[in-house]
$ cat my_file-v3.txt   # compact mmCIF, C-alpha atoms
# COMPACT_ATOMS: atom_id res chain seq x y z
CA MET A 1 -40.63 -45.75 -9.21
CA PRO A 2 -41.19 -42.33 -7.52
CA THR A 3 -44.76 -41.05 -7.64
CA ASN A 4 -46.09 -37.47 -7.59
CA THR A 5 -46.57 -37.90 -3.85
CA SER A 6 -42.92 -38.92 -3.47
CA LEU A 7 -41.85 -35.84 -5.45
CA LEU A 8 -43.86 -33.59 -3.13
CA ILE A 9 -42.27 -35.22 -0.06
CA PHE A 10 -38.76 -34.73 -1.49
CA ARG A 11 -39.47 -31.08 -2.33
CA ASN A 12 -40.79 -30.44 1.18
CA LYS A 13 -37.63 -31.95 2.64
CA ILE A 14 -35.48 -29.69 0.42
CA ASN A 15 -37.57 -26.68 1.48
CA ASN A 16 -36.95 -27.56 5.14
CA ILE A 17 -33.20 -27.89 4.52
CA ASP A 18 -33.14 -24.55 2.66
CA GLU A 19 -34.92 -22.87 5.57
CA GLN A 20 -32.37 -24.35 7.98
CA ILE A 21 -29.52 -23.05 5.78
CA VAL A 22 -30.99 -19.53 5.86
CA LYS A 23 -31.44 -19.67 9.66
CA LEU A 24 -27.84 -20.89 10.06
CA LEU A 25 -26.59 -18.06 7.83
CA GLY A 26 -28.52 -15.68 10.09
CA GLU A 27 -26.79 -17.18 13.14
CA ARG A 28 -23.47 -16.87 11.33
CA LYS A 29 -24.13 -13.17 10.66
CA LYS A 30 -24.74 -12.55 14.38
CA LEU A 31 -21.33 -14.07 15.15
CA VAL A 32 -19.72 -11.98 12.38
CA LEU A 33 -21.07 -8.81 14.02
CA LYS A 34 -19.56 -9.86 17.37
CA ILE A 35 -16.25 -10.66 15.66
CA ALA A 36 -16.22 -7.16 14.10
CA GLU A 37 -16.64 -5.61 17.55
CA CYS A 38 -13.80 -7.77 18.93
CA LYS A 39 -11.53 -6.69 16.05
CA ILE A 40 -12.27 -3.03 16.77
CA GLU A 41 -11.45 -3.45 20.47
CA ASN A 42 -8.27 -5.43 19.80
CA LYS A 43 -7.18 -3.45 16.69
CA LYS A 44 -7.13 -6.57 14.52
CA GLU A 45 -7.23 -6.76 10.72
CA ILE A 46 -10.55 -7.54 9.07
CA ARG A 47 -9.18 -10.48 7.12
CA ASP A 48 -7.06 -13.43 8.18
CA THR A 49 -6.20 -15.00 4.82
CA GLU A 50 -4.28 -17.92 6.35
CA ARG A 51 -7.31 -18.86 8.46
CA GLU A 52 -9.57 -18.57 5.39
CA LYS A 53 -7.31 -20.95 3.40
CA LYS A 54 -7.23 -23.57 6.18
CA MET A 55 -11.00 -23.31 6.69
CA LEU A 56 -11.65 -23.71 2.96
CA GLN A 57 -9.37 -26.76 2.76
CA LYS A 58 -11.33 -28.44 5.58
CA LEU A 59 -14.65 -27.62 3.91
CA ILE A 60 -13.46 -28.95 0.54
CA PHE A 61 -12.40 -32.20 2.24
CA LEU A 62 -15.76 -32.41 4.01
CA GLY A 63 -17.51 -31.69 0.71
CA LYS A 64 -15.71 -34.56 -1.02
CA GLU A 65 -16.84 -36.92 1.76
CA ASN A 66 -20.40 -35.82 0.97
CA HIS A 67 -19.98 -36.15 -2.82
CA LEU A 68 -19.75 -32.37 -3.45
CA LYS A 69 -17.31 -30.95 -6.00
CA GLU A 70 -14.39 -28.74 -4.91
CA LYS A 71 -15.47 -25.95 -7.32
CA TYR A 72 -18.98 -25.87 -5.83
CA ILE A 73 -17.71 -25.60 -2.23
CA THR A 74 -15.12 -22.96 -3.18
CA GLN A 75 -17.64 -20.75 -5.01
CA LEU A 76 -20.26 -21.09 -2.27
CA PHE A 77 -17.95 -20.19 0.60
CA HIS A 78 -16.22 -17.45 -1.38
CA ILE A 79 -19.61 -15.67 -1.48
CA ILE A 80 -20.19 -16.30 2.23
CA ILE A 81 -16.71 -15.06 3.23
CA GLU A 82 -16.92 -11.93 1.06
CA GLU A 83 -20.31 -11.12 2.58
CA SER A 84 -18.80 -11.50 6.08
CA VAL A 85 -15.95 -9.13 5.18
CA SER A 86 -18.44 -6.62 3.77
CA ILE A 87 -20.54 -6.75 6.96
CA GLN A 88 -17.46 -6.24 9.16
CA LYS A 89 -16.31 -3.25 7.08
CA LYS A 90 -19.74 -1.61 7.42
CA ILE A 91 -19.68 -2.08 11.20
CA ILE A 92 -16.17 -0.67 11.48
CA ASN A 93 -17.04 2.32 9.28
CA LYS A 94 -19.96 3.24 11.59
CA PHE A 95 -17.49 4.19 14.30
CA SER A 96 -16.80 7.78 13.27
CA ASP A 97 -16.02 11.08 14.93
CA HIS A 98 -16.32 14.37 13.02
CA GLN A 99 -16.01 12.57 9.68
CA LYS A 100 -13.01 10.58 10.94
CA LEU A 101 -13.35 6.83 10.71
CA ASN A 102 -12.52 5.08 13.94
CA ILE A 103 -10.36 2.47 12.27
CA SER A 104 -8.77 1.69 8.93
CA SER A 105 -6.08 -0.73 7.77
CA PHE A 106 -2.77 0.00 6.06
CA SER A 107 -0.33 -2.21 4.16
CA PHE A 108 3.32 -1.15 3.97
CA LEU A 109 6.82 -2.41 3.33
CA GLY A 110 7.70 -3.87 6.71
CA PRO A 111 8.48 -4.97 9.33
CA LYS A 112 7.58 -2.33 11.94
CA GLY A 113 10.04 0.52 12.19
CA SER A 114 10.45 0.98 8.42
CA TYR A 115 9.89 4.47 7.02
CA SER A 116 6.77 3.18 5.25
CA HIS A 117 5.47 2.05 8.64
CA ILE A 118 6.17 5.54 10.04
CA ALA A 119 4.33 7.14 7.08
CA ALA A 120 1.33 4.81 7.55
CA CYS A 121 1.08 5.67 11.26
CA GLU A 122 1.41 9.42 10.64
CA TYR A 123 -1.25 9.41 7.89
CA ALA A 124 -3.56 7.35 10.09
CA HIS A 125 -3.01 9.77 12.97
CA GLN A 126 -4.10 12.67 10.76
CA ASN A 127 -7.19 10.97 9.30
CA PHE A 128 -8.37 8.20 11.63
CA GLN A 129 -8.75 7.45 15.31
CA THR A 130 -7.24 3.98 15.06
CA CYS A 131 -5.33 2.01 12.44
CA VAL A 132 -4.57 -1.64 11.81
CA ILE A 133 -1.26 -2.37 10.09
CA LYS A 134 -0.18 -5.14 7.74
CA GLU A 135 3.50 -5.78 7.10
CA CYS A 136 4.51 -6.78 3.55
CA SER A 137 7.85 -8.03 2.21
CA THR A 138 7.79 -6.23 -1.19
CA PHE A 139 6.20 -3.15 -2.77
CA GLU A 140 4.21 -5.48 -5.04
CA ASP A 141 2.83 -7.34 -2.01
CA VAL A 142 1.71 -3.99 -0.55
CA ILE A 143 -0.44 -3.34 -3.64
CA ILE A 144 -1.72 -6.92 -3.91
CA SER A 145 -2.91 -6.89 -0.29
CA VAL A 146 -5.25 -3.97 -1.05
CA GLU A 147 -6.34 -5.44 -4.37
CA LYS A 148 -7.34 -8.59 -2.45
CA ASN A 149 -9.22 -6.59 0.24
CA GLN A 150 -6.73 -7.49 2.97
CA SER A 151 -6.22 -3.78 3.74
CA ASN A 152 -7.88 -0.46 2.93
CA TYR A 153 -4.74 1.49 2.01
CA ALA A 154 -1.40 0.79 0.34
CA VAL A 155 1.46 3.02 1.51
CA LEU A 156 4.29 3.47 -1.01
CA PRO A 157 7.29 5.81 -1.23
CA ILE A 158 7.31 7.60 -4.58
CA GLU A 159 10.24 10.04 -4.41
CA ASN A 160 13.07 11.21 -2.20
CA THR A 161 15.03 14.48 -2.20
CA CYS A 162 18.37 12.59 -2.20
CA SER A 163 17.79 9.54 -4.40
CA GLY A 164 14.99 10.83 -6.65
CA TYR A 165 12.07 8.80 -7.94
CA ILE A 166 11.60 5.15 -7.01
CA ASN A 167 11.40 3.28 -10.33
CA GLU A 168 9.95 0.05 -8.95
CA VAL A 169 6.91 1.91 -7.61
CA PHE A 170 6.33 3.68 -10.96
CA HIS A 171 6.17 0.37 -12.83
CA LEU A 172 3.68 -0.97 -10.28
CA LEU A 173 1.47 2.12 -10.68
CA LYS A 174 1.15 1.40 -14.39
CA LYS A 175 -0.16 -2.12 -13.73
CA THR A 176 -2.43 -1.68 -10.71
CA ASN A 177 -6.11 -0.69 -10.71
CA LEU A 178 -5.75 1.12 -7.37
CA PHE A 179 -6.07 4.91 -7.15
CA ILE A 180 -3.90 7.46 -5.38
CA VAL A 181 -6.10 9.07 -2.70
CA GLY A 182 -3.57 10.88 -0.53
CA GLU A 183 0.05 11.79 0.10
CA ILE A 184 2.33 12.59 3.03
CA TYR A 185 5.87 13.98 3.35
CA ILE A 186 8.17 12.46 5.98
CA LEU A 187 11.54 13.82 7.11
CA ILE A 188 13.95 10.90 6.93
CA ASN A 189 16.67 10.64 9.55
CA HIS A 190 18.94 7.75 8.60
CA CYS A 191 20.86 6.40 11.59
CA LEU A 192 23.67 3.90 11.96
CA LEU A 193 22.41 1.30 14.44
CA GLY A 194 24.27 -1.45 16.25
CA ILE A 195 24.11 -3.88 19.17
CA LYS A 196 26.34 -1.65 21.27
CA LYS A 197 28.21 1.63 20.88
CA ILE A 198 31.52 0.97 19.12
CA SER A 199 34.05 2.80 16.96
CA LEU A 200 32.87 3.04 13.34
CA ASN A 201 36.16 1.50 12.17
CA THR A 202 35.22 -1.70 14.06
CA ILE A 203 32.22 -2.22 11.74
CA LYS A 204 32.58 -4.92 9.06
CA THR A 205 29.10 -5.23 7.52
CA ILE A 206 26.23 -2.78 7.04
CA TYR A 207 22.65 -3.81 6.17
CA SER A 208 19.81 -1.79 4.63
CA HIS A 209 17.38 -1.33 1.75
CA PRO A 210 19.03 -0.03 -1.49
CA GLN A 211 17.36 3.41 -1.14
CA PRO A 212 19.09 4.45 2.13
CA PHE A 213 22.44 3.41 0.66
CA GLN A 214 21.81 5.80 -2.24
CA GLN A 215 20.64 8.56 0.08
CA CYS A 216 23.69 8.18 2.36
CA SER A 217 26.30 7.44 -0.34
CA LYS A 218 28.70 10.22 0.76
CA PHE A 219 28.83 8.87 4.31
CA ILE A 220 29.19 5.24 3.16
CA LYS A 221 32.12 6.13 0.87
CA GLN A 222 34.14 7.16 3.92
CA PHE A 223 34.30 3.48 4.93
CA PRO A 224 35.33 1.51 1.81
CA LYS A 225 36.10 -1.65 3.82
CA TRP A 226 32.48 -2.06 4.96
CA LYS A 227 30.61 -4.89 3.25
CA ILE A 228 27.23 -3.71 1.97
CA ARG A 229 24.32 -6.13 2.28
CA TYR A 230 20.90 -5.30 0.81
CA THR A 231 17.68 -6.15 2.64
CA LYS A 232 13.98 -5.94 1.78
CA SER A 233 13.51 -2.89 4.02
CA THR A 234 15.31 -0.81 6.67
CA ALA A 235 13.27 -2.56 9.35
CA ASP A 236 14.34 -5.95 7.96
CA ALA A 237 17.97 -4.76 8.28
CA MET A 238 17.47 -3.76 11.93
CA LYS A 239 15.78 -7.07 12.64
CA LYS A 240 18.74 -8.99 11.14
CA VAL A 241 21.31 -7.05 13.17
CA THR A 242 19.35 -7.82 16.36
CA GLN A 243 19.22 -11.53 15.47
CA TYR A 244 22.92 -11.76 14.53
CA ASN A 245 23.90 -10.12 17.86
CA ASP A 246 27.32 -9.27 16.39
CA ILE A 247 28.86 -5.88 17.25
CA THR A 248 30.60 -5.72 13.82
CA LYS A 249 27.25 -5.84 11.99
CA VAL A 250 25.13 -2.66 11.80
CA ALA A 251 22.00 -1.37 10.10
CA LEU A 252 21.07 1.83 8.34
CA GLY A 253 17.58 2.62 9.62
CA SER A 254 15.23 4.91 11.53
CA GLU A 255 15.60 6.39 15.00
CA ILE A 256 12.18 4.97 15.89
CA GLY A 257 13.39 1.56 14.70
CA SER A 258 16.27 1.67 17.18
CA THR A 259 13.72 1.76 20.01
CA ILE A 260 11.62 -1.05 18.50
CA TYR A 261 14.60 -3.38 18.00
CA GLY A 262 16.64 -2.31 21.04
CA LEU A 263 19.62 -1.00 19.04
CA ASN A 264 22.09 1.77 19.86
CA ILE A 265 22.46 4.84 17.65
CA LEU A 266 26.10 5.06 16.52
CA SER A 267 25.57 8.05 14.23
CA LYS A 268 22.57 9.98 12.86
CA ASN A 269 21.51 12.43 10.09
CA LEU A 270 23.62 10.60 7.52
CA ALA A 271 21.83 11.60 4.29
CA ASN A 272 23.62 13.47 1.49
CA LYS A 273 21.26 16.42 1.98
CA GLN A 274 20.33 18.06 5.27
CA LYS A 275 16.62 17.91 4.41
CA ASN A 276 16.15 14.30 3.38
CA ILE A 277 12.42 14.06 2.64
CA THR A 278 10.41 11.18 1.21
CA ARG A 279 6.99 11.65 -0.32
CA PHE A 280 4.65 8.71 0.27
CA ILE A 281 1.41 8.08 -1.62
CA LEU A 282 -1.71 6.32 -0.31
CA LEU A 283 -3.67 4.07 -2.67
CA GLN A 284 -7.04 2.36 -2.34
CA LYS A 285 -9.54 0.54 -4.54
CA ASN A 286 -11.86 3.46 -5.21
CA PRO A 287 -11.01 7.04 -6.24
CA VAL A 288 -12.01 9.93 -3.96
CA GLU A 289 -13.97 13.05 -4.88
CA VAL A 290 -12.11 16.17 -3.80
CA SER A 291 -14.03 19.39 -3.15
CA ILE A 292 -13.11 22.22 -5.54
CA LYS A 293 -12.53 24.35 -2.42
CA ILE A 294 -9.55 22.15 -1.49
CA LEU A 295 -6.17 22.50 -3.20
CA SER A 296 -5.83 19.23 -5.07
CA LYS A 297 -3.44 17.31 -7.24
CA THR A 298 -4.11 15.01 -10.20
CA THR A 299 -1.54 12.40 -11.19
CA LEU A 300 -1.30 10.89 -14.67
CA ILE A 301 0.99 8.52 -16.52
CA PHE A 302 1.20 8.43 -20.29
CA SER A 303 3.30 7.24 -23.20
CA THR A 304 3.72 9.04 -26.53
CA GLY A 305 5.25 6.08 -28.35
CA LYS A 306 7.76 7.04 -31.02
CA GLU A 307 5.72 9.89 -32.49
CA SER A 308 7.98 12.89 -33.02
CA GLY A 309 6.99 16.03 -31.08
CA ALA A 310 4.11 14.35 -29.21
CA PHE A 311 5.55 15.13 -25.78
CA THR A 312 6.00 18.81 -26.72
CA LYS A 313 2.35 18.91 -27.84
CA VAL A 314 1.24 17.56 -24.45
CA LEU A 315 3.20 20.29 -22.68
CA LEU A 316 1.68 22.94 -24.95
CA ILE A 317 -1.85 21.74 -24.12
CA LEU A 318 -1.09 22.10 -20.41
CA GLN A 319 0.53 25.50 -20.92
CA GLU A 320 -2.34 26.85 -23.03
CA ASN A 321 -4.81 25.90 -20.29
CA LYS A 322 -2.58 27.42 -17.59
CA ILE A 323 -2.20 24.10 -15.78
CA ILE A 324 0.52 24.14 -13.10
CA ILE A 325 2.90 21.17 -13.46
CA GLU A 326 4.26 20.20 -10.04
CA LYS A 327 6.35 17.21 -11.11
CA ILE A 328 7.18 15.50 -14.37
CA THR A 329 9.58 12.64 -14.99
CA SER A 330 10.13 9.87 -17.51
CA HIS A 331 11.01 6.20 -17.08
CA THR A 332 12.01 3.52 -19.54
CA MET A 333 9.42 0.78 -19.97
CA TYR A 334 10.51 -2.70 -18.84
CA LYS A 335 9.55 -4.64 -21.96
CA ASN A 336 10.40 -1.87 -24.41
CA PRO A 337 13.65 -0.07 -23.49
CA TRP A 338 13.23 2.31 -26.46
CA GLU A 339 9.93 3.66 -25.20
CA GLU A 340 9.43 6.03 -22.28
CA ILE A 341 6.50 6.42 -19.91
CA PHE A 342 5.91 9.83 -18.34
CA TYR A 343 4.68 10.51 -14.82
CA ILE A 344 3.13 13.92 -14.16
CA ASP A 345 1.62 15.69 -11.12
CA ILE A 346 -0.55 18.69 -11.98
CA GLN A 347 -2.14 21.13 -9.56
CA ALA A 348 -5.74 20.64 -10.62
CA ASN A 349 -9.04 19.03 -9.67
CA LEU A 350 -10.07 16.16 -11.94
CA SER A 351 -13.73 17.19 -11.71
CA SER A 352 -13.14 20.55 -13.45
CA HIS A 353 -14.30 20.92 -17.07
CA ILE A 354 -10.90 22.32 -18.06
CA ILE A 355 -9.03 19.22 -16.84
CA GLN A 356 -11.54 16.89 -18.47
CA SER A 357 -11.00 18.74 -21.77
CA VAL A 358 -7.21 18.67 -21.32
CA ILE A 359 -7.17 14.91 -20.70
CA LYS A 360 -9.38 14.34 -23.76
CA LYS A 361 -6.90 16.31 -25.93
CA MET A 362 -3.96 14.45 -24.43
CA GLY A 363 -5.70 11.16 -25.22
CA LYS A 364 -5.67 12.00 -28.93
CA ILE A 365 -1.92 12.61 -28.92
CA THR A 366 -0.67 9.90 -26.56
CA LYS A 367 -0.35 6.18 -27.20
CA PHE A 368 -1.44 5.39 -23.64
CA ILE A 369 -2.81 7.53 -20.79
CA LYS A 370 -3.98 6.57 -17.31
CA ILE A 371 -5.39 8.65 -14.45
CA LEU A 372 -3.74 7.48 -11.22
CA GLY A 373 -5.87 9.67 -8.97
CA CYS A 374 -7.02 13.06 -7.77
CA TYR A 375 -6.38 13.84 -4.10
CA PRO A 376 -5.82 16.71 -1.62
CA CYS A 377 -2.35 18.25 -1.70
CA ALA A 378 -0.41 17.49 1.47
CA ASN A 379 1.44 20.12 3.44
CA ILE A 380 4.94 20.13 1.91
CA THR A 381 6.44 20.83 5.34
CA PRO A 382 7.56 17.30 6.20
CA ILE A 383 6.45 15.51 9.35
CA VAL A 384 9.28 14.82 11.78
CA PRO A 385 8.69 11.33 13.24
$ encode --input "my_file-v3.txt" --output "structure tokens"
Amino acid sequence: MPTNTSLLIFRNKINNIDEQIVKLLGERKKLVLKIAECKIENKKEIRDTEREKKMLQKLIFLGKENHLKEKYITQLFHIIIEESVSIQKKIINKFSDHQKLNISSFSFLGPKGSYSHIAACEYAHQNFQTCVIKECSTFEDVIISVEKNQSNYAVLPIENTCSGYINEVFHLLKKTNLFIVGEIYILINHCLLGIKKISLNTIKTIYSHPQPFQQCSKFIKQFPKWKIRYTKSTADAMKKVTQYNDITKVALGSEIGSTIYGLNILSKNLANKQKNITRFILLQKNPVEVSIKILSKTTLIFSTGKESGAFTKVLLILQENKIIIEKITSHTMYKNPWEEIFYIDIQANLSSHIIQSVIKKMGKITKFIKILGCYPCANITPIVP
């Protein structure tokens, strides 16, 4: 039977182990700092989720061999990993030049060469010295990657001068906890891209994302025999055409993408309107504070339910307070086709007392209201990639 002396011996042994754990965590931190520096030099993403999963699986297996529960190992190393990520972010954020961060990471609808990729690179060029990019296969994945700290910014197209608002993105904005922190306008030059230069009548199949097909509908209608095939993105379409290596298969994509995937431009500037512009929004986990000296925009979504005249009352509140409405549109809710949700951009700073009062009044009339973000207005003159 253990005595008081035995208890003291056991406690001393535990104390020694605890001290060793702390020293090892200190050694681990030193390595994390070196890893952060390597990632800066090699323009790598902060997180490698696949590596984290494999590492955790090995540790869980090792834990079971040592009679430790899976939940215990998972919780313990989740804390350690999150601390490592936090340390790396702090190191990366120290590299600044005239209030420009040296590096930040962007998630977008990929692969490389998509218009979202172009928007991410242009925004990064304006605001950072270096950027790390993460390709995603859906708009939802773009948002999830930022929610899970895999990237700093989500880049999403919100509207286009030819095809209008992008409904899928609106529905995602209602669900996410991310905030809009910036915007950028990109001039879109849709090109017909193929393996080699051929007559357009030789083409049998054309690949692209649904949006470019809408934006170039007048051009597409000239060739009714073409088979239309939808892809996850314009870059995905270009990638497929390269892989098929068939001269009868072409993609509708960007001029930059033709260089990336080694394709020939068969025709360009194919949009229904001469100025085909897409507005992209940037989202991140935390809202930004915008100086009152900077022209800013506040974006809201709200629903009035079935209350008669509620929408008119909202407009009157904005009018009475001389609030400039830049954009307003409505969309049917997925689960309730009889109810509409409204998206509105107003030229105003969220920090002003007037806007705070306006939102409070709107809250009393609406069934649901959500602030998506307040951010600096971008130059409406689009960037030509």
$ atom_distance --input "my_file-v3.txt" --atom1 "atom CA of A:Ile143" --atom2 "atom CA of A:Cys377"
21.8 Å
$ atom_distance --input "my_file-v3.txt" --atom1 "atom CA of A:Glu83" --atom2 "atom CA of A:Phe106"
21.1 Å
$ closest_atom_pairs --input "my_file-v3.txt" --of "stretch 86-203 of chain A" --to "stretch 241-246 of chain A" --cutoff "9 Å" --atoms "all atoms listed in the file" --output "tab-separated table"
residue	atom	partner	partner_atom	distance
A:Leu193	CA	A:Val241	CA	8.5
A:Gly194	CA	A:Val241	CA	7.0
A:Ile195	CA	A:Asn245	CA	6.4
$ atom_distance --input "my_file-v3.txt" --atom1 "atom CA of A:Phe179" --atom2 "atom CA of A:Lys297"
12.7 Å
$ closest_residue --input "my_file-v3.txt" --among "A:Asn269, A:Thr231, A:Ser114, A:Asn160" --to "A:Cys191" --atoms "all atoms listed in the file"
A:Asn269
$ residues_around --input "my_file-v3.txt" --residues "A:Ser107" --least-positions-apart "4" --cutoff "8 Å" --atoms "all atoms listed in the file" --output "number ranges by chain"
A: 120, 133-136, 142-143, 145-146, 151-155
$ residues_near_point --input "my_file-v3.txt" --point "(-3.8, 17.7, -11.8)" --cutoff "7 Å" --atoms "all atoms listed in the file" --output "MDAnalysis selection string"
chainID A and resid 297:299 345:350 374
$ closest_atom_pairs --input "my_file-v3.txt" --of "stretch 139-175 of chain A" --to "stretch 314-333 of chain A" --cutoff "9 Å" --atoms "only C-alpha atoms" --output "JSON lines"
{"residue": "A:Tyr165", "atom": "CA", "partner": "A:Thr329", "partner_atom": "CA", "distance": 8.4}
{"residue": "A:Asn167", "atom": "CA", "partner": "A:His331", "partner_atom": "CA", "distance": 7.4}
{"residue": "A:Phe170", "atom": "CA", "partner": "A:His331", "partner_atom": "CA", "distance": 8.1}
{"residue": "A:His171", "atom": "CA", "partner": "A:Met333", "partner_atom": "CA", "distance": 7.9}
$ closest_residue --input "my_file-v3.txt" --among "A:Ile203, A:Leu372, A:Ile281, A:Leu192" --to "A:Gly253" --atoms "all atoms listed in the file"
A:Leu192
$ residues_around --input "my_file-v3.txt" --residues "A:Tyr261" --least-positions-apart "3" --cutoff "7 Å" --atoms "all atoms listed in the file" --output "JSON, numbers by chain"
{"A": [238, 239, 242, 257, 258]}
$ closest_residue --input "my_file-v3.txt" --among "A:Lys225, A:His353, A:Lys249, A:Lys268" --to "A:Ile206" --atoms "only C-alpha atoms"
A:Lys249
$ closest_residue --input "my_file-v3.txt" --among "A:Arg279, A:Lys285, A:Lys64, A:Arg28" --to "A:Asn149" --atoms "only C-alpha atoms"
A:Lys285
$ residues_near_point --input "my_file-v3.txt" --point "(12.6, 8.4, 10.4)" --cutoff "10 Å" --atoms "all atoms listed in the file" --output "PyMOL selection string"
chain A and resi 113-119+186-191+253-257+269+276-278+383-385
$ closest_residue --input "my_file-v3.txt" --among "A:Met55, A:Met362, A:Val288, A:Ile260" --to "A:His78" --atoms "all atoms listed in the file"
A:Met55
$ residues_around --input "my_file-v3.txt" --residues "A:Leu172" --least-positions-apart "2" --cutoff "12 Å" --atoms "only C-alpha atoms" --output "list in words"
Thr138, Phe139, Glu140, Asp141, Val142, Ile143, Ile144, Ala154, Leu156, Pro157, Ile158, Ile166, Asn167, Glu168, Val169, Phe170, Lys174, Lys175, Thr176, Asn177, Leu178, Phe179, Leu283, Ile301, Met333, Tyr334 and Leu372 of chain A
